[in-house]
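Undergrad: One structure is given below, represented as structure tokens, and several questions about it will come after.
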Amino acid sequence: MTEHSTGSSTGRRSWRPADVVSARNLGPLSITALVVGYVALWLALRPSGEPTGAYLGQLAGAVSILLLSAALVLISSLPWVEEWFDGIDRAAIWHRRMAITGLVLLAAHIPLSSSPSRSSWGGTLGAVGAWGMVGLALWAILPRWQSVVPRPLRAMIKALKDAPVIREVRTVFGGYERWRQVHRLTGLLVAAAFFHGLLDGSPFPKSATLRWSYVAIGGIGLAFYIYREVLARFVTSLNDYEVARVTPAAPDLVEITLRPLGRPMVFVPGQFALVYIEAKDGWHRHPFTIASSPHEGVVRVTVKALGDYTSALTDLLEPGMPAVIGGPHGRFDHRKGTRDQVWIAGGVGVAPFLSWMRALQEHPPPGRVRLYYAFTGGPAPFAEELVALADASDQVQVTLVDSTVDGRLTAARVLAEAAVPAAELSVFLCGPQAMLRDLQRGLADGGVRKRNVHREYFDWR
């Protein structure tokens, strides 16, 4: 373990914890209130003659459309959505949660619901919507198959991955970019399910309120989908860049430096951007956390090889290749924290903290900071730079934690080495999901307030 300590100072605060709590919870609370209110409306306006089981099935289908429509709103990339959920990364996570819950409700809707006056097209549209969304959900799960397959079966799955037929299937369905393009059909599948409900919903002929509230919910979701697919490209802020350097930082980590060709993007340290790059094999799009500071005049991103084109970046990219940056996005900002803070980075999750450290003079933290950088086996990428930046600061202390030597970084150690009680501490985390999940649990058990724990969800992308 290597440590560097250079004292402390107070600095300024521009965020109030109460503001953070309000922003973080506003979106989820609004969605919850909307669902509860919609269910209450259906229960209060149940038409006479509707069998209980069938009506509950119809209700499940209507709430499913509500959740799927809200999920379409959350991926519209509109600025107010990001503010509503305190970050587009959180909005994306809630998009996924609502889509999954909507599919579960569809599974309850299908066997329970029945309509005495089924239309000729309603059943077909319902089947297309339901099976199409199930297929997209399964496709989204495939890259994370180890998280859903029981451990005893994983060796068998790994052996099957290279079987001839499976290999061909992986060629057809593999890759983030291909999945993203097909995922854009989600709105059409939701539209099919929506019109199925409108045509075959048995309560709608008897209750104009239920019918028109359903139309409003589905219509809003589809309107946002049309905006994203047709209109967003004309109003989205895009900046032209080109590749300046491609620098290997570790065997599986590359730093890409992008130079502006015109008006540079304005961002706050810790944000991320959608980066479009024309490589040797065509254009690629991917969200990356910005690792540079705003005053550098370039945008630097750190990229870890994760299975798609990121595994071959050094071969695919050359200086001078065009790039376009959209954004910035995200609200991972140390100004939200209390005076005494802990920053915890794991692996490639060091990127936002690199941006913070590189911008210490222009964007100082509110007070004292201890940065833990956890990695497996040295030398750690960017470790020397982080230590040098801490040497030049009177606020930051850097602790390098090599898990092969020191063991895993734990919340107990973080709290034991903190300079203030846990209730007065703010913690900012970015790294692998399993590592952060354990740390968040330990921090909560140790007395750190939930509102003072901030995480950048880079793994939603």
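Lettering and numbering for the structure tokens are positional, with chains as A, B, ... in the shown order, residues counted from 1 in each chain, and ligands counted from 1 in the shown order.
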Can you list, as a list in words, every protein, DNA or RNA residue that comes within 8 Å of A:Arg263 when you count only C-alpha atoms, leaving out same-chain residues fewer than 3 positions away?

TA: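 So, after excluding close chain neighbours, the residues are Asn239, Asp240 and Pro260 of chain A.
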
Undergrad: As an exercise, work out the distance from atom CA of A:Gln440 to atom CA of A:Thr410 in Å and give it to one decimal place.

TA: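 For atom CA of A:Gln440 relative to atom CA of A:Thr410, the distance reads 9.8 Å.
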
Undergrad: Taking 6 positions as the minimum chain separation for residues in the same chain, which residues sit within 8 Å of A:Arg358 when counting only C-alpha atoms? Answer as number ranges by chain.

TA: A: 292-293, 389

Undergrad: For A:Thr376, list every protein, DNA or RNA residue within 10 Å, evaluated using only C-alpha atoms, and leave out those in the same chain fewer than 6 positions away; present the list as a list in words.

TA: Gly346, Gly347, Val401, Asp402, Ser403, Thr404, Val405, Asp406, Gly407 and Arg408 of chain A

Undergrad: Put those residues in a file: C-alpha atoms, as a PDB file, in the first residue's frame.

TA:
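Saved file selection-v4.pdb follows:
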ATOM      1  CA  GLY A 346     -12.003   0.789  -8.520  1.00  0.00           C
ATOM      2  CA  GLY A 347     -10.241  -0.091 -11.784  1.00  0.00           C
ATOM      3  CA  VAL A 401      -4.786  -0.229  -2.468  1.00  0.00           C
ATOM      4  CA  ASP A 402      -3.447  -3.271  -4.323  1.00  0.00           C
ATOM      5  CA  SER A 403      -5.882  -6.087  -3.509  1.00  0.00           C
ATOM      6  CA  THR A 404      -3.217  -8.732  -4.180  1.00  0.00           C
ATOM      7  CA  VAL A 405      -1.118  -7.237  -1.370  1.00  0.00           C
ATOM      8  CA  ASP A 406      -3.512  -5.436   0.979  1.00  0.00           C
ATOM      9  CA  GLY A 407      -6.712  -7.415   0.414  1.00  0.00           C
ATOM     10  CA  ARG A 408     -10.018  -5.926  -0.666  1.00  0.00           C
TER      11      ARG A 408
END

Undergrad: Pick from A:Leu253, A:Leu258, A:Leu371, A:Ile88: nearest to A:Tyr241, with only C-alpha atoms counted?

TA: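 Ranking A:Leu253, A:Leu258, A:Leu371, A:Ile88 by distance to A:Tyr241, first place goes to A:Leu258.
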
Undergrad: Could you produce a table of the residues of stretch 225-280 of chain A lying within 9 Å of stretch 177-191 of chain A, with the nearest pair of atoms per residue and their separation in Å rounded to one decimal, using only C-alpha atoms, ordered by chain and increasing residue number, as a tab-separated table?

TA:
residue	atom	partner	partner_atom	distance
A:Tyr225	CA	A:Gly187	CA	5.9
A:Ile226	CA	A:Gly187	CA	8.2
A:Glu229	CA	A:Arg184	CA	7.9

Undergrad: Output the selection as a PDB file, in the first residue's frame - C-alpha atoms for each residue.

TA:
ATOM      1  CA  TYR A 225     -40.214   7.858 -28.592  1.00  0.00           C
ATOM      2  CA  ILE A 226     -40.920   9.735 -31.838  1.00  0.00           C
ATOM      3  CA  GLU A 229     -35.918   8.810 -33.013  1.00  0.00           C
TER       4      GLU A 229
END

Undergrad: Which residues are near stretch 121-128 of chain A? Cut-off 7 Å, only C-alpha atoms, ignore same chain within fewer than 3 positions. Put them as a PDB file with C-alpha atoms, in the first residue's frame.

TA:
ATOM      1  CA  ARG A 118     -61.667  -9.419 -29.248  1.00  0.00           C
ATOM      2  CA  TRP A 131     -42.711 -11.515 -27.644  1.00  0.00           C
ATOM      3  CA  GLY A 132     -40.660  -8.751 -29.205  1.00  0.00           C
ATOM      4  CA  LEU A 189     -43.188  -2.895 -29.757  1.00  0.00           C
ATOM      5  CA  ALA A 192     -48.143  -2.659 -30.726  1.00  0.00           C
ATOM      6  CA  ALA A 193     -48.950  -3.566 -27.113  1.00  0.00           C
ATOM      7  CA  HIS A 196     -53.724  -4.163 -28.548  1.00  0.00           C
ATOM      8  CA  LEU A 199     -58.664  -2.494 -29.255  1.00  0.00           C
ATOM      9  CA  ASP A 200     -59.311  -5.355 -26.817  1.00  0.00           C
TER      10      ASP A 200
END

Undergrad: Can you tell me, as a ChimeraX atom specification, what residues are no more than 10 Å from stretch 267-270 of chain A when counting only C-alpha atoms, ignoring any on the same chain fewer than 5 positions away?

TA: /A:289-295,299,327-334,351-360,362-363,456

Undergrad: Which neighbours of stretch 32-42 of chain A fall inside 12 Å, counting only C-alpha atoms, when residues of the same chain fewer than 3 positions from it are skipped, and could you give them as a PyMOL selection string?

TA: chain A and resi 25-29+45-47+50+55-70+94+98+101-102+203-204+207-211+213-214+216-217

Undergrad: For those residues, write N, CA and C atoms to a file as a tab-separated table (two decimals), in the first residue's frame.

TA:
chain	number	residue	atom	x	y	z
A	25	ASN	N	-34.43	11.76	-5.30
A	25	ASN	CA	-35.64	10.97	-5.09
A	25	ASN	C	-36.85	11.47	-5.87
A	26	LEU	N	-36.75	12.64	-6.49
A	26	LEU	CA	-37.91	13.22	-7.15
A	26	LEU	C	-38.46	12.30	-8.24
A	27	GLY	N	-37.58	11.79	-9.11
A	27	GLY	CA	-38.04	10.93	-10.19
A	27	GLY	C	-38.71	9.66	-9.71
A	28	PRO	N	-38.03	8.83	-8.88
A	28	PRO	CA	-38.66	7.61	-8.39
A	28	PRO	C	-39.96	7.85	-7.63
A	29	LEU	N	-39.99	8.90	-6.80
A	29	LEU	CA	-41.21	9.20	-6.06
A	29	LEU	C	-42.35	9.58	-7.01
A	45	LEU	N	-63.00	2.99	-10.50
A	45	LEU	CA	-63.92	3.09	-11.66
A	45	LEU	C	-64.18	1.74	-12.33
A	46	ARG	N	-64.06	0.69	-11.56
A	46	ARG	CA	-64.32	-0.63	-12.14
A	46	ARG	C	-65.76	-0.72	-12.65
A	47	PRO	N	-65.94	-0.97	-13.94
A	47	PRO	CA	-67.30	-1.07	-14.48
A	47	PRO	C	-68.04	-2.28	-13.93
A	50	GLU	N	-67.69	-6.62	-14.71
A	50	GLU	CA	-66.33	-7.07	-15.03
A	50	GLU	C	-65.90	-8.14	-14.02
A	55	TYR	N	-60.57	-8.52	-14.76
A	55	TYR	CA	-60.33	-7.09	-14.57
A	55	TYR	C	-58.93	-6.85	-14.02
A	56	LEU	N	-58.48	-7.71	-13.10
A	56	LEU	CA	-57.12	-7.59	-12.59
A	56	LEU	C	-56.10	-7.82	-13.71
A	57	GLY	N	-56.42	-8.73	-14.61
A	57	GLY	CA	-55.54	-8.94	-15.76
A	57	GLY	C	-55.48	-7.72	-16.65
A	58	GLN	N	-56.63	-7.09	-16.88
A	58	GLN	CA	-56.66	-5.86	-17.68
A	58	GLN	C	-55.89	-4.74	-16.97
A	59	LEU	N	-56.03	-4.68	-15.65
A	59	LEU	CA	-55.30	-3.68	-14.87
A	59	LEU	C	-53.79	-3.90	-14.99
A	60	ALA	N	-53.37	-5.16	-14.90
A	60	ALA	CA	-51.94	-5.46	-15.05
A	60	ALA	C	-51.43	-5.01	-16.41
A	61	GLY	N	-52.21	-5.22	-17.45
A	61	GLY	CA	-51.80	-4.77	-18.78
A	61	GLY	C	-51.72	-3.27	-18.88
A	62	ALA	N	-52.69	-2.56	-18.28
A	62	ALA	CA	-52.69	-1.10	-18.34
A	62	ALA	C	-51.50	-0.51	-17.57
A	63	VAL	N	-51.20	-1.06	-16.40
A	63	VAL	CA	-50.05	-0.57	-15.63
A	63	VAL	C	-48.75	-0.90	-16.36
A	64	SER	N	-48.72	-2.04	-17.05
A	64	SER	CA	-47.55	-2.39	-17.85
A	64	SER	C	-47.30	-1.33	-18.92
A	65	ILE	N	-48.36	-0.90	-19.60
A	65	ILE	CA	-48.21	0.14	-20.61
A	65	ILE	C	-47.76	1.46	-19.97
A	66	LEU	N	-48.27	1.75	-18.77
A	66	LEU	CA	-47.83	2.94	-18.05
A	66	LEU	C	-46.33	2.91	-17.80
A	67	LEU	N	-45.83	1.78	-17.30
A	67	LEU	CA	-44.42	1.67	-16.98
A	67	LEU	C	-43.55	1.69	-18.24
A	68	LEU	N	-44.00	1.01	-19.28
A	68	LEU	CA	-43.23	0.99	-20.53
A	68	LEU	C	-43.21	2.37	-21.18
A	69	SER	N	-44.32	3.09	-21.08
A	69	SER	CA	-44.36	4.45	-21.62
A	69	SER	C	-43.44	5.37	-20.83
A	70	ALA	N	-43.46	5.25	-19.50
A	70	ALA	CA	-42.56	6.05	-18.67
A	70	ALA	C	-41.11	5.71	-18.98
A	94	TRP	N	-33.49	3.37	-13.94
A	94	TRP	CA	-34.94	3.29	-13.71
A	94	TRP	C	-35.68	2.92	-14.98
A	98	MET	N	-38.23	-0.23	-14.84
A	98	MET	CA	-39.64	-0.12	-15.24
A	98	MET	C	-39.96	-1.03	-16.42
A	101	THR	N	-40.26	-4.53	-14.94
A	101	THR	CA	-41.52	-4.65	-14.21
A	101	THR	C	-42.70	-4.70	-15.16
A	102	GLY	N	-42.64	-3.89	-16.23
A	102	GLY	CA	-43.70	-3.92	-17.23
A	102	GLY	C	-43.83	-5.28	-17.89
A	203	PRO	N	-62.76	-3.00	-20.31
A	203	PRO	CA	-63.37	-1.90	-19.54
A	203	PRO	C	-63.55	-0.62	-20.35
A	204	PHE	N	-62.83	-0.44	-21.44
A	204	PHE	CA	-62.81	0.84	-22.13
A	204	PHE	C	-64.15	1.25	-22.74
A	207	SER	N	-66.14	2.77	-19.75
A	207	SER	CA	-65.61	3.87	-18.95
A	207	SER	C	-64.73	4.77	-19.83
A	208	ALA	N	-65.27	5.94	-20.13
A	208	ALA	CA	-64.49	6.88	-20.95
A	208	ALA	C	-63.25	7.36	-20.20
A	209	THR	N	-63.33	7.48	-18.87
A	209	THR	CA	-62.18	7.95	-18.09
A	209	THR	C	-61.02	6.97	-18.18
A	210	LEU	N	-61.33	5.66	-18.02
A	210	LEU	CA	-60.28	4.66	-18.13
A	210	LEU	C	-59.71	4.64	-19.55
A	211	ARG	N	-60.56	4.76	-20.53
A	211	ARG	CA	-60.09	4.71	-21.91
A	211	ARG	C	-59.18	5.89	-22.23
A	213	SER	N	-57.62	8.01	-20.17
A	213	SER	CA	-56.39	8.05	-19.36
A	213	SER	C	-55.36	7.07	-19.94
A	214	TYR	N	-55.82	5.92	-20.43
A	214	TYR	CA	-54.94	4.95	-21.08
A	214	TYR	C	-54.36	5.54	-22.37
A	216	ALA	N	-53.93	8.71	-23.03
A	216	ALA	CA	-52.98	9.77	-22.67
A	216	ALA	C	-51.63	9.19	-22.26
A	217	ILE	N	-51.66	8.12	-21.46
A	217	ILE	CA	-50.41	7.51	-20.99
A	217	ILE	C	-49.63	6.93	-22.16

Undergrad: Looking only at strand (DSSP E or B) from DSSP on the backbone, list the matching residues of stretch 409-461 of chain A as JSON, numbers by chain.

TA: {"A": [425, 426, 427, 428, 429, 430, 453, 454, 455]}

Undergrad: Assign secondary structure with DSSP using the backbone only, and return the residues of stretch 300-434 of chain A in alpha helix (DSSP H) as a PyMOL selection string.

TA: chain A and resi 313-316+351-358+383-391+403-406+411-416+433-434

Undergrad: Which is closest to A:Arg455 among A:Gly197, A:Pro366, A:Pro432, A:Gly221, if we use only C-alpha atoms?

TA: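 Using only C-alpha atoms, the shortest distance to A:Arg455 belongs to A:Pro432.
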
Undergrad: Calculate how many Å separate atom CA of A:Thr338 from atom CA of A:Val396, rounding to one decimal.

TA: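 Result for atom CA of A:Thr338 versus atom CA of A:Val396: 14.6 Å, one decimal.
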